[in-house]
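Listing of model_13.cif, mmCIF, C-alpha atoms (C1' of nucleotides)
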```cif
data_start
loop_
_atom_site.label_atom_id
_atom_site.label_comp_id
_atom_site.auth_asym_id
_atom_site.auth_seq_id
_atom_site.Cartn_x
_atom_site.Cartn_y
_atom_site.Cartn_z
CA MET A 1 76.92 131.96 96.17
CA LYS A 2 80.18 131.55 98.02
CA PRO A 3 82.63 129.39 96.07
CA VAL A 4 83.24 125.89 97.35
CA ARG A 5 86.86 125.25 98.22
CA ILE A 6 88.53 122.18 96.90
CA VAL A 7 92.06 120.86 96.65
CA CYS A 8 93.24 119.23 93.42
CA ILE A 9 96.27 117.00 93.13
CA LEU A 10 97.48 116.37 89.63
CA GLY A 11 100.62 114.87 88.23
CA PRO A 12 101.84 111.91 86.26
CA THR A 13 100.95 108.34 87.04
CA GLY A 14 102.86 106.61 89.82
CA THR A 15 103.86 109.65 91.86
CA GLY A 16 101.91 108.99 95.07
CA LYS A 17 98.97 111.32 94.50
CA THR A 18 96.54 109.22 96.56
CA ARG A 19 98.94 109.09 99.51
CA ALA A 20 99.42 112.84 99.24
CA ALA A 21 95.65 113.35 99.46
CA LEU A 22 95.37 111.20 102.57
CA SER A 23 98.19 113.07 104.26
CA LEU A 24 96.20 116.31 104.19
CA GLY A 25 94.15 115.51 107.29
CA GLN A 26 91.18 113.61 108.73
CA SER A 27 88.37 115.73 107.28
CA VAL A 28 89.47 114.88 103.74
CA GLU A 29 87.29 113.04 101.23
CA VAL A 30 88.92 111.89 98.01
CA VAL A 31 87.24 112.37 94.63
CA ASN A 32 88.66 110.68 91.55
CA PHE A 33 89.15 112.54 88.28
CA ASP A 34 91.01 109.83 86.44
CA SER A 35 89.43 108.44 83.31
CA ARG A 36 90.60 104.87 83.93
CA GLN A 37 90.23 104.37 87.65
CA VAL A 38 86.47 104.46 87.17
CA TYR A 39 86.46 100.87 85.85
CA ALA A 40 85.28 98.26 88.34
CA ASP A 41 87.09 95.38 86.66
CA PHE A 42 90.59 96.87 86.78
CA PRO A 43 91.45 97.98 90.33
CA ILE A 44 95.02 96.65 90.10
CA ILE A 45 95.90 97.59 86.53
CA THR A 46 94.58 101.15 86.82
CA ALA A 47 96.26 101.60 90.24
CA GLN A 48 93.13 102.40 92.18
CA PRO A 49 93.59 103.12 95.91
CA SER A 50 94.37 100.04 98.02
CA SER A 51 91.91 98.76 100.62
CA GLU A 52 94.21 100.22 103.24
CA GLU A 53 94.03 103.64 101.62
CA LEU A 54 90.27 103.32 101.16
CA SER A 55 89.87 102.76 104.90
CA CYS A 56 91.66 106.03 105.71
CA ALA A 57 89.06 108.34 104.20
CA PRO A 58 85.89 108.21 102.09
CA HIS A 59 86.64 107.80 98.37
CA HIS A 60 84.34 108.69 95.50
CA LEU A 61 84.09 107.77 91.81
CA TYR A 62 86.48 104.84 91.86
CA GLY A 63 85.69 101.47 90.28
CA PHE A 64 82.01 101.96 89.57
CA LEU A 65 81.80 101.51 85.79
CA ALA A 66 81.46 98.30 83.76
CA CYS A 67 84.04 97.52 81.10
CA ASP A 68 81.60 97.99 78.21
CA GLN A 69 80.51 101.45 79.42
CA SER A 70 82.26 104.63 78.36
CA MET A 71 83.05 107.70 80.38
CA ASN A 72 83.56 111.22 79.12
CA ALA A 73 84.73 114.55 80.43
CA ALA A 74 81.30 116.13 80.75
CA ARG A 75 79.76 113.18 82.60
CA MET A 76 82.71 112.87 84.94
CA ALA A 77 82.61 116.59 85.73
CA GLU A 78 78.92 116.24 86.57
CA LEU A 79 79.53 113.30 88.91
CA ALA A 80 82.46 115.08 90.55
CA ALA A 81 80.39 118.22 91.03
CA ASP A 82 77.72 116.20 92.83
CA ALA A 83 80.28 114.51 95.05
CA ILE A 84 81.94 117.82 95.87
CA GLN A 85 78.66 119.36 96.97
CA GLU A 86 77.82 116.43 99.20
CA ILE A 87 81.25 116.48 100.82
CA HIS A 88 81.06 120.22 101.29
CA ALA A 89 77.62 119.88 102.90
CA ARG A 90 79.17 117.39 105.36
CA GLY A 91 81.76 119.99 106.28
CA ASN A 92 84.65 118.00 104.85
CA LEU A 93 87.35 119.00 102.38
CA PRO A 94 86.98 117.59 98.85
CA VAL A 95 90.34 116.55 97.45
CA LEU A 96 90.35 115.81 93.73
CA VAL A 97 92.96 113.27 92.71
CA GLY A 98 93.74 112.02 89.24
CA GLY A 99 95.76 112.18 86.10
CA THR A 100 93.29 113.17 83.41
CA GLY A 101 94.01 116.84 82.84
CA LEU A 102 91.01 117.37 80.60
CA TYR A 103 88.57 116.10 83.23
CA LEU A 104 89.90 118.54 85.79
CA ARG A 105 89.80 121.43 83.36
CA VAL A 106 86.23 120.68 82.44
CA LEU A 107 85.23 120.52 86.10
CA LEU A 108 86.90 123.82 86.96
CA GLU A 109 86.12 125.78 83.81
CA GLY A 110 82.96 124.10 82.65
CA ILE A 111 81.90 122.53 79.41
CA ALA A 112 79.31 123.49 76.84
CA PRO A 113 75.85 121.93 77.39
CA ILE A 114 75.87 120.00 74.12
CA PRO A 115 72.97 117.53 73.99
CA ASP A 116 73.56 113.87 73.27
CA ILE A 117 74.12 113.26 69.56
CA PRO A 118 71.58 110.82 68.05
CA GLU A 119 73.07 107.36 67.60
CA ALA A 120 72.22 107.33 63.88
CA VAL A 121 74.21 110.54 63.28
CA ARG A 122 77.14 109.21 65.27
CA ARG A 123 77.22 105.98 63.36
CA SER A 124 77.02 107.60 59.96
CA VAL A 125 79.91 109.94 60.81
CA LEU A 126 82.01 107.02 62.04
CA GLU A 127 81.22 105.09 58.89
CA ARG A 128 82.31 108.01 56.77
CA LEU A 129 85.46 108.26 58.83
CA GLN A 130 86.28 104.62 58.09
CA ARG A 131 85.36 104.83 54.46
CA GLU A 132 86.80 108.19 53.49
CA GLY A 133 89.34 108.94 56.21
CA PRO A 134 89.67 111.92 58.58
CA GLN A 135 90.74 114.29 55.78
CA ALA A 136 87.35 114.06 54.12
CA LEU A 137 85.63 114.91 57.41
CA HIS A 138 88.07 117.74 57.92
CA ARG A 139 87.18 119.30 54.56
CA GLU A 140 83.58 119.37 55.74
CA VAL A 141 84.57 120.91 59.08
CA VAL A 142 86.55 123.59 57.23
CA ARG A 143 83.32 124.52 55.45
CA VAL A 144 80.94 124.64 58.42
CA ASP A 145 83.28 125.64 61.27
CA PRO A 146 86.49 127.20 59.91
CA ALA A 147 87.52 128.53 63.33
CA TYR A 148 87.62 125.06 64.88
CA ALA A 149 89.03 123.47 61.73
CA ALA A 150 91.98 125.84 62.02
CA VAL A 151 93.01 124.46 65.42
CA ILE A 152 92.73 120.76 64.66
CA HIS A 153 94.76 118.74 62.18
CA GLU A 154 93.21 117.04 59.17
CA ASN A 155 94.54 113.65 60.36
CA ASP A 156 92.87 113.90 63.76
CA SER A 157 90.12 111.33 63.37
CA GLN A 158 88.49 111.85 66.76
CA ARG A 159 88.24 115.62 66.74
CA ASN A 160 87.11 115.87 63.12
CA ALA A 161 84.42 113.24 63.73
CA ARG A 162 83.27 115.03 66.89
CA ALA A 163 83.07 118.41 65.17
CA LEU A 164 81.05 116.94 62.34
CA GLU A 165 78.65 114.93 64.50
CA VAL A 166 77.93 117.98 66.67
CA TRP A 167 77.17 120.06 63.58
CA LEU A 168 74.96 117.38 62.03
CA GLY A 169 73.30 116.43 65.30
CA THR A 170 72.58 119.90 66.72
CA GLY A 171 72.70 122.28 63.77
CA ARG A 172 75.26 124.38 65.63
CA THR A 173 79.03 124.37 65.34
CA LEU A 174 81.42 123.22 68.01
CA SER A 175 83.00 126.71 68.25
CA ASP A 176 79.55 128.08 68.86
CA TRP A 177 78.91 125.58 71.66
CA HIS A 178 82.32 126.04 73.24
CA ALA A 179 81.59 129.69 73.85
CA GLU A 180 78.91 128.58 76.30
CA ALA A 181 81.17 126.62 78.62
CA ARG A 182 80.67 127.42 82.30
CA PRO A 183 81.25 125.55 85.57
CA ALA A 184 78.33 123.87 87.37
CA PHE A 185 78.84 126.09 90.42
CA PRO A 186 81.56 128.43 91.71
CA LEU A 187 84.70 126.63 92.84
CA GLU A 188 87.88 127.87 94.40
CA ALA A 189 90.66 125.40 93.86
CA PHE A 190 94.09 124.98 95.37
CA LYS A 191 96.04 123.05 92.77
CA ILE A 192 98.93 120.86 93.81
CA GLY A 193 101.21 119.69 91.04
CA VAL A 194 103.49 116.74 91.76
CA ARG A 195 106.89 117.43 90.26
CA VAL A 196 109.02 114.58 88.94
CA ASP A 197 111.81 114.04 86.51
CA LEU A 198 110.77 111.58 83.80
CA ASP A 199 114.11 109.76 83.91
CA GLU A 200 113.73 109.22 87.64
CA LEU A 201 110.13 108.16 87.27
CA THR A 202 110.77 105.61 84.51
CA PRO A 203 112.33 102.84 86.64
CA ARG A 204 109.63 103.33 89.27
CA LEU A 205 106.93 102.87 86.63
CA ALA A 206 108.59 99.64 85.50
CA ALA A 207 108.79 98.38 89.07
CA ARG A 208 105.15 99.22 89.61
CA ILE A 209 104.14 97.08 86.64
CA ASP A 210 105.97 94.13 88.20
CA GLU A 211 104.11 94.81 91.44
CA MET A 212 100.81 94.85 89.59
CA LEU A 213 101.63 91.50 88.00
CA ASP A 214 102.56 90.12 91.43
CA MET A 215 99.27 91.36 92.81
CA GLY A 216 97.37 89.45 90.13
CA ALA A 217 97.00 91.85 87.21
CA LEU A 218 96.87 88.98 84.72
CA GLU A 219 94.16 87.19 86.66
CA GLU A 220 92.25 90.47 86.89
CA ALA A 221 92.38 90.80 83.09
CA ARG A 222 91.33 87.16 82.65
CA GLU A 223 88.26 87.68 84.82
CA ALA A 224 87.40 90.90 82.99
CA LEU A 225 87.66 89.05 79.68
CA ALA A 226 85.14 86.46 80.86
CA LYS A 227 82.70 89.26 81.70
CA CYS A 228 83.45 91.47 78.72
CA PRO A 229 84.80 89.56 75.71
CA ASP A 230 84.55 92.49 73.28
CA PRO A 231 88.11 93.78 72.76
CA LYS A 232 86.74 97.07 71.47
CA ALA A 233 84.87 97.79 74.72
CA PRO A 234 85.91 101.14 76.23
CA GLY A 235 87.38 99.61 79.38
CA TRP A 236 89.93 97.59 77.43
CA SER A 237 91.64 100.63 75.94
CA GLY A 238 93.49 101.44 79.17
CA ILE A 239 97.25 101.00 79.34
CA GLY A 240 98.02 97.57 80.74
CA CYS A 241 94.50 96.33 80.01
CA ALA A 242 95.08 96.39 76.25
CA GLU A 243 98.47 94.68 76.47
CA LEU A 244 97.25 91.92 78.79
CA LEU A 245 94.21 91.42 76.60
CA ALA A 246 96.45 90.91 73.57
CA HIS A 247 98.38 88.31 75.54
CA LEU A 248 95.24 86.51 76.74
CA ARG A 249 94.02 86.32 73.16
CA GLY A 250 97.27 84.63 72.19
CA GLU A 251 98.60 87.52 70.11
CA ILE A 252 101.76 88.24 72.11
CA SER A 253 103.79 86.67 74.91
CA LEU A 254 103.43 87.89 78.47
CA GLU A 255 106.98 89.18 78.35
CA ARG A 256 106.22 91.24 75.26
CA ALA A 257 102.99 92.51 76.80
CA ARG A 258 104.94 93.65 79.83
CA ASP A 259 107.46 95.46 77.61
CA ILE A 260 104.82 97.32 75.62
CA TRP A 261 102.92 98.12 78.80
CA GLU A 262 106.05 99.66 80.25
CA ARG A 263 106.71 101.80 77.17
CA ASN A 264 103.13 102.97 76.91
CA THR A 265 103.07 103.89 80.59
CA ARG A 266 106.17 105.99 80.19
CA ALA A 267 104.83 107.72 77.08
CA TYR A 268 101.64 108.46 78.96
CA ALA A 269 103.52 109.94 81.91
CA LYS A 270 105.35 112.15 79.43
CA ARG A 271 102.08 113.43 77.96
CA GLN A 272 100.81 114.15 81.46
CA LEU A 273 103.92 116.18 82.21
CA THR A 274 103.35 118.17 79.01
CA TRP A 275 99.81 118.90 80.16
CA CYS A 276 100.93 119.89 83.67
CA ARG A 277 103.46 122.38 82.31
CA LYS A 278 100.59 124.36 80.79
CA GLU A 279 98.30 124.16 83.81
CA ARG A 280 97.74 127.55 85.38
CA ASP A 281 98.05 128.39 89.10
CA LEU A 282 99.79 125.17 89.91
CA ASN A 283 101.61 124.90 93.25
CA GLY A 284 104.49 122.53 92.56
CA PHE A 285 105.82 120.08 95.14
CA GLU A 286 108.39 117.32 94.89
CA ALA A 287 106.83 113.86 94.85
CA GLY A 288 106.65 112.66 98.45
CA ASP A 289 106.77 116.14 100.02
CA PHE A 290 103.54 115.45 101.90
CA MET A 291 104.42 117.82 104.70
CA GLY A 292 104.99 120.70 102.33
CA MET A 293 101.66 120.04 100.64
CA ALA A 294 99.77 119.77 103.95
CA GLN A 295 101.28 123.02 105.22
CA ALA A 296 100.45 124.90 102.03
CA VAL A 297 96.87 123.63 102.06
CA GLY A 298 96.51 124.53 105.75
CA ALA A 299 97.70 128.08 105.08
CA TRP A 300 95.38 128.42 102.10
CA LEU A 301 92.35 127.23 104.12
CA LYS A 302 93.06 129.83 106.81
CA GLY A 303 93.62 132.68 104.34
"C1'" G B 304 134.98 72.05 57.54
"C1'" C B 305 131.19 72.51 53.49
"C1'" C B 306 126.45 74.70 51.62
"C1'" G B 307 122.81 78.44 52.21
"C1'" A B 308 120.85 83.26 54.43
"C1'" G B 309 122.27 87.54 56.66
"C1'" G B 310 125.37 91.82 58.88
"C1'" U B 311 122.17 99.39 57.08
"C1'" A B 312 119.44 104.52 62.88
"C1'" G B 313 118.79 102.56 70.12
"C1'" C B 314 115.39 98.05 68.05
"C1'" U B 315 112.85 95.49 63.66
"C1'" C B 316 113.77 95.94 58.76
"C1'" A B 317 113.26 98.56 53.52
"C1'" G B 318 116.37 100.38 49.69
"C1'" U B 319 120.11 102.10 46.24
"C1'" U B 320 119.68 98.49 37.82
"C1'" G B 321 126.99 102.30 41.14
"C1'" G B 322 126.08 109.20 42.30
"C1'" U B 323 127.32 108.42 50.49
"C1'" A B 324 120.13 106.16 52.43
"C1'" G B 325 114.39 105.78 54.76
"C1'" A B 326 109.99 103.50 57.22
"C1'" G B 327 107.72 101.59 61.72
"C1'" C B 328 108.76 101.36 66.80
"C1'" A B 329 111.74 103.67 70.68
"C1'" G B 330 113.57 108.68 72.09
"C1'" G B 331 112.88 114.42 72.29
"C1'" G B 332 109.39 118.61 71.85
"C1'" G B 333 104.26 120.12 71.32
"C1'" A B 334 98.80 120.29 70.78
"C1'" C B 335 94.51 119.11 73.44
"C1'" U B 336 86.81 121.43 75.57
"C1'" G B 337 81.76 115.22 75.50
"C1'" A B 338 86.76 108.45 73.21
"C1'" A B 339 91.77 112.05 76.83
"C1'" A B 340 95.61 105.83 79.82
"C1'" A B 341 92.35 108.57 73.77
"C1'" U B 342 93.63 111.24 69.27
"C1'" C B 343 97.05 114.02 66.61
"C1'" C B 344 101.44 117.39 64.92
"C1'" C B 345 106.90 118.50 64.44
"C1'" C B 346 112.15 116.52 64.96
"C1'" G B 347 116.18 111.20 61.05
"C1'" U B 348 124.40 111.73 59.39
"C1'" G B 349 124.04 106.58 60.40
"C1'" U B 350 132.51 104.39 59.84
"C1'" C B 351 125.20 101.07 55.21
"C1'" G B 352 130.58 94.67 59.41
"C1'" G B 353 136.53 95.30 58.37
"C1'" C B 354 140.20 95.52 54.53
"C1'" A B 355 141.60 95.46 49.45
"C1'" G B 356 140.28 95.72 44.10
"C1'" U B 357 137.48 97.66 39.67
"C1'" U B 358 135.55 102.73 38.71
"C1'" C B 359 135.56 109.73 37.74
"C1'" A B 360 132.52 107.73 41.87
"C1'" A B 361 131.27 101.78 45.96
"C1'" U B 362 126.79 101.17 51.13
"C1'" U B 363 125.59 99.03 46.08
"C1'" C B 364 129.97 95.15 41.75
"C1'" U B 365 134.43 91.65 42.74
"C1'" G B 366 137.86 89.32 46.17
"C1'" U B 367 139.08 88.36 51.06
"C1'" C B 368 138.57 88.35 56.30
"C1'" C B 369 135.45 88.71 60.74
"C1'" C B 370 130.66 87.91 63.09
"C1'" U B 371 125.38 85.89 63.48
"C1'" C B 372 121.63 82.33 62.11
"C1'" G B 373 120.00 77.88 59.71
"C1'" G B 374 121.25 72.96 57.14
"C1'" C B 375 124.92 69.06 56.15
"C1'" A B 376 129.08 66.74 58.15
#
```
Would you kindly transcribe this structure into structure tokens?
Amino acid sequence: MKPVRIVCILGPTGTGKTRAALSLGQSVEVVNFDSRQVYADFPIITAQPSSEELSCAPHHLYGFLACDQSMNAARMAELAADAIQEIHARGNLPVLVGGTGLYLRVLLEGIAPIPDIPEAVRRSVLERLQREGPQALHREVVRVDPAYAAVIHENDSQRNARALEVWLGTGRTLSDWHAEARPAFPLEAFKIGVRVDLDELTPRLAARIDEMLDMGALEEAREALAKCPDPKAPGWSGIGCAELLAHLRGEISLERARDIWERNTRAYAKRQLTWCRKERDLNGFEAGDFMGMAQAVGAWLKG
RNA sequence: GCCGAGGUAGCUCAGUUGGUAGAGCAGGGGACUGAAAAUCCCCGUGUCGGCAGUUCAAUUCUGUCCCUCGGCA
């Protein structure tokens, strides 16, 4: 099977990735690989494409998930793979846009076909985590899967819980499963990395938060709260959502919420930059160099 | 003006019964395979408000001055 060609645009939040995708040409269809822009209730706060941008080209996997539903890397990769095949069948160019490095990696390199873990197993592991702490789970992981235990820290509650629930739920270790990772179908990707200096990006991120508030971010959160009052729901854990929720519940002032939102956004952009530095085969472009990106993609498609 | 409470890391504050100090947050670096906008790891010298006194030794005790915040005038 001939590999399907796709373009991926990754980079930190607030660097014009959506606009870059649209500048690549008319036969482009945009596919989201951002873990937060999937939520239907937060189009403003998660910076989903504007209606103007949406009218420029077909967009996929934006704003389709309810606040109380969770997404994960494997599921997102599956959905993206389906979208890519449809777009390819139409003769258009799939352009993947997003900021969640893990989701892109899983799409391109595949993920192990681990079955769903029974709810009872999940719950009991989480209860143990709360009762005994991540270190207790880690000791167990050291016993059953020393190879994986060696690469995660004993304080890492999420990864220790995951390793243990997979072992208890499937009878196989996570290392064992990971060896089976493979992509859904052959892909050939041209990866565009948007380059920015964090110090230059910081004031732009702050300004963007003010824009979001002007566009009605607070009202958006208020409406979401009416639909989904559970503060622990997956959708509320996004940056901006969590801070506005705290304000709406009377825990902090709006000014304070804005401050924390700004800091968290910056810290997130920093983590994204760390991820991008490690990404292989990345073609770096300055933010806003749409012409350079379009030319490079054109040359790649011909070659 | 008087009476209290304070002035310690970029911020909020611990602390030292006298031996020059440490948390959280921020900041920097990193990890990352089914929660990833998540989760986690590493990195802490700062006239301990100024000056003087006591002392082998003061950020710590004493005096004084400056500043901030309350209350009373």
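Pairwise distance (CA of Gly91 in chain A, CA of Ser50 in chain A) equals 25.0 Å.
Compared by their closest atoms to chain B, and using only C-alpha atoms (C1' of nucleotides), the residues A:Glu219, A:Asp156, A:Asp176, A:Asp289 rank with A:Asp156 nearest.
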Using only the atoms of range 322-333 of chain B listed in the file, plus 8 Å on each side, state the axis-aligned box centre and edge lengths in Å rounded to one decimal, as AutoDock Vina command-line options.
```
--center_x 115.8 --center_y 110.7 --center_z 57.3 --size_x 39.1 --size_y 34.8 --size_z 46.0
```
| request: Name every residue that the PyMOL selection byres ((chain A and resi 23-39) around 8) selects in this structure, writing the answer as number ranges by chain with chains first and numbers rising. | output: A: 19-22, 40-43, 46-48, 57-67, 71-72, 76, 80, 83-84, 87, 91-100, 103-104, 235, 238, 290-291, 293-294, 297; B: 339-340
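Set the cut-off at 7 Å, count only C-alpha atoms (C1' of nucleotides), and the residues of chain A near chain B turn out to be Arg36, Asn72, Ala73, Ala74, Thr100, Leu102, Val106, Ile111, His153, Asn155, Asp156, Ser157, Gln158, His178, Gly238, Ile239 and Tyr268 of chain A.
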Selected residues, C-alpha atoms, written as a tab-separated table (two decimals), in the frame of the given file, please.
```tsv
chain	number	residue	atom	x	y	z
A	36	ARG	CA	90.60	104.87	83.93
A	72	ASN	CA	83.56	111.22	79.12
A	73	ALA	CA	84.73	114.55	80.43
A	74	ALA	CA	81.30	116.13	80.75
A	100	THR	CA	93.29	113.17	83.41
A	102	LEU	CA	91.01	117.37	80.60
A	106	VAL	CA	86.23	120.68	82.44
A	111	ILE	CA	81.90	122.53	79.41
A	153	HIS	CA	94.76	118.74	62.18
A	155	ASN	CA	94.54	113.65	60.36
A	156	ASP	CA	92.87	113.90	63.76
A	157	SER	CA	90.12	111.33	63.37
A	158	GLN	CA	88.49	111.85	66.76
A	178	HIS	CA	82.32	126.04	73.24
A	238	GLY	CA	93.49	101.44	79.17
A	239	ILE	CA	97.25	101.00	79.34
A	268	TYR	CA	101.64	108.46	78.96
```
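Distance annotation: of A:Arg172, A:Arg249, A:Arg266, A:Arg5, the residue with the minimal separation from Ile117 in chain A is A:Arg172; atom set is all atoms listed in the file.
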| request: Just say which residues the PyMOL selection byres ((chain B and resi 356-369) around 8) picks in this file, as JSON, numbers by chain. | output: {"B": [311, 319, 321, 322, 323, 351, 352, 353, 354, 355, 370]}
| task | Would you kindly return, as number ranges by chain, each protein, DNA or RNA residue with an atom no farther than 9 Å from any atom of Arg204 in chain A, considering only C-alpha atoms (C1' of nucleotides) and excluding same-chain residues fewer than 5 positions away? | result | A: 14-15, 209
| message | At a cut-off of 12 Å, using all atoms listed in the file, what residues contact A308 in chain B? Leave out same-chain residues fewer than 6 positions from it and give the result as a PyMOL selection string. | response | chain B and resi 371-374
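CA of Leu245 in chain A sits 28.3 Å away from CA of Trp275 in chain A.
Computed from the coordinates, the CA of Trp236 in chain A to CA of Pro49 in chain A distance equals 19.6 Å.
Shell of G327 in chain B at 12 Å, with all atoms listed in the file counted and residues fewer than 5 places along the chain excluded, is C314, U315, C316 and A317 of chain B.
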| Neighbour residues at most 12 Å from (103.5, 99.4, 76.3) (only C-alpha atoms (C1' of nucleotides)) as a ChimeraX atom specification | /A:205-206,209,237-244,246,254-269 /B:328-329,340
Selection export as a PDB file, in the frame of the given file, atoms kept: C-alpha atoms (C1' of nucleotides):
```
ATOM      1  CA  LEU A 205     106.930 102.870  86.630  1.00  0.00           C
ATOM      2  CA  ALA A 206     108.590  99.640  85.500  1.00  0.00           C
ATOM      3  CA  ILE A 209     104.140  97.080  86.640  1.00  0.00           C
ATOM      4  CA  SER A 237      91.640 100.630  75.940  1.00  0.00           C
ATOM      5  CA  GLY A 238      93.490 101.440  79.170  1.00  0.00           C
ATOM      6  CA  ILE A 239      97.250 101.000  79.340  1.00  0.00           C
ATOM      7  CA  GLY A 240      98.020  97.570  80.740  1.00  0.00           C
ATOM      8  CA  CYS A 241      94.500  96.330  80.010  1.00  0.00           C
ATOM      9  CA  ALA A 242      95.080  96.390  76.250  1.00  0.00           C
ATOM     10  CA  GLU A 243      98.470  94.680  76.470  1.00  0.00           C
ATOM     11  CA  LEU A 244      97.250  91.920  78.790  1.00  0.00           C
ATOM     12  CA  ALA A 246      96.450  90.910  73.570  1.00  0.00           C
ATOM     13  CA  LEU A 254     103.430  87.890  78.470  1.00  0.00           C
ATOM     14  CA  GLU A 255     106.980  89.180  78.350  1.00  0.00           C
ATOM     15  CA  ARG A 256     106.220  91.240  75.260  1.00  0.00           C
ATOM     16  CA  ALA A 257     102.990  92.510  76.800  1.00  0.00           C
ATOM     17  CA  ARG A 258     104.940  93.650  79.830  1.00  0.00           C
ATOM     18  CA  ASP A 259     107.460  95.460  77.610  1.00  0.00           C
ATOM     19  CA  ILE A 260     104.820  97.320  75.620  1.00  0.00           C
ATOM     20  CA  TRP A 261     102.920  98.120  78.800  1.00  0.00           C
ATOM     21  CA  GLU A 262     106.050  99.660  80.250  1.00  0.00           C
ATOM     22  CA  ARG A 263     106.710 101.800  77.170  1.00  0.00           C
ATOM     23  CA  ASN A 264     103.130 102.970  76.910  1.00  0.00           C
ATOM     24  CA  THR A 265     103.070 103.890  80.590  1.00  0.00           C
ATOM     25  CA  ARG A 266     106.170 105.990  80.190  1.00  0.00           C
ATOM     26  CA  ALA A 267     104.830 107.720  77.080  1.00  0.00           C
ATOM     27  CA  TYR A 268     101.640 108.460  78.960  1.00  0.00           C
ATOM     28  CA  ALA A 269     103.520 109.940  81.910  1.00  0.00           C
TER      29      ALA A 269
ATOM     30  C1'   C B 328     108.760 101.360  66.800  1.00  0.00           C
ATOM     31  C1'   A B 329     111.740 103.670  70.680  1.00  0.00           C
ATOM     32  C1'   A B 340      95.610 105.830  79.820  1.00  0.00           C
TER      33        A B 340
END
```
| task | Name the residues that the PyMOL selection byres ((chain A and resi 301-303) around 10) picks from the file above, as a ChimeraX atom specification, using the file's chain letters and numbers. | result | /A:5-7,93,190,295-300
Quick one: range 289-300 of chain A with N, CA, C and O atoms, as a tab-separated table (two decimals), in the frame of the given file?
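What landed in result_25.tsv:
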```tsv
chain	number	residue	atom	x	y	z
A	289	ASP	N	106.70	115.02	99.07
A	289	ASP	CA	106.77	116.14	100.02
A	289	ASP	C	105.39	116.38	100.63
A	289	ASP	O	104.78	117.44	100.45
A	290	PHE	N	104.89	115.37	101.36
A	290	PHE	CA	103.54	115.45	101.90
A	290	PHE	C	103.41	116.56	102.93
A	290	PHE	O	102.37	117.21	103.04
A	291	MET	N	104.48	116.78	103.67
A	291	MET	CA	104.42	117.82	104.70
A	291	MET	C	104.28	119.19	104.07
A	291	MET	O	103.48	120.01	104.51
A	292	GLY	N	105.06	119.43	103.04
A	292	GLY	CA	104.99	120.70	102.33
A	292	GLY	C	103.59	120.95	101.78
A	292	GLY	O	103.04	122.06	101.89
A	293	MET	N	103.00	119.91	101.20
A	293	MET	CA	101.66	120.04	100.64
A	293	MET	C	100.64	120.35	101.74
A	293	MET	O	99.81	121.24	101.60
A	294	ALA	N	100.72	119.60	102.85
A	294	ALA	CA	99.77	119.77	103.95
A	294	ALA	C	99.87	121.18	104.53
A	294	ALA	O	98.85	121.82	104.82
A	295	GLN	N	101.09	121.68	104.67
A	295	GLN	CA	101.28	123.02	105.22
A	295	GLN	C	100.69	124.08	104.30
A	295	GLN	O	100.00	124.99	104.74
A	296	ALA	N	100.95	123.92	102.99
A	296	ALA	CA	100.45	124.90	102.03
A	296	ALA	C	98.93	124.90	102.00
A	296	ALA	O	98.30	125.96	101.95
A	297	VAL	N	98.33	123.71	102.06
A	297	VAL	CA	96.87	123.63	102.06
A	297	VAL	C	96.30	124.25	103.34
A	297	VAL	O	95.31	124.99	103.29
A	298	GLY	N	96.95	123.97	104.47
A	298	GLY	CA	96.51	124.53	105.75
A	298	GLY	C	96.51	126.06	105.70
A	298	GLY	O	95.54	126.71	106.11
A	299	ALA	N	97.58	126.62	105.17
A	299	ALA	CA	97.70	128.08	105.08
A	299	ALA	C	96.62	128.65	104.16
A	299	ALA	O	96.02	129.68	104.44
A	300	TRP	N	96.38	127.96	103.08
A	300	TRP	CA	95.38	128.42	102.10
A	300	TRP	C	93.97	128.39	102.72
A	300	TRP	O	93.17	129.31	102.51
```
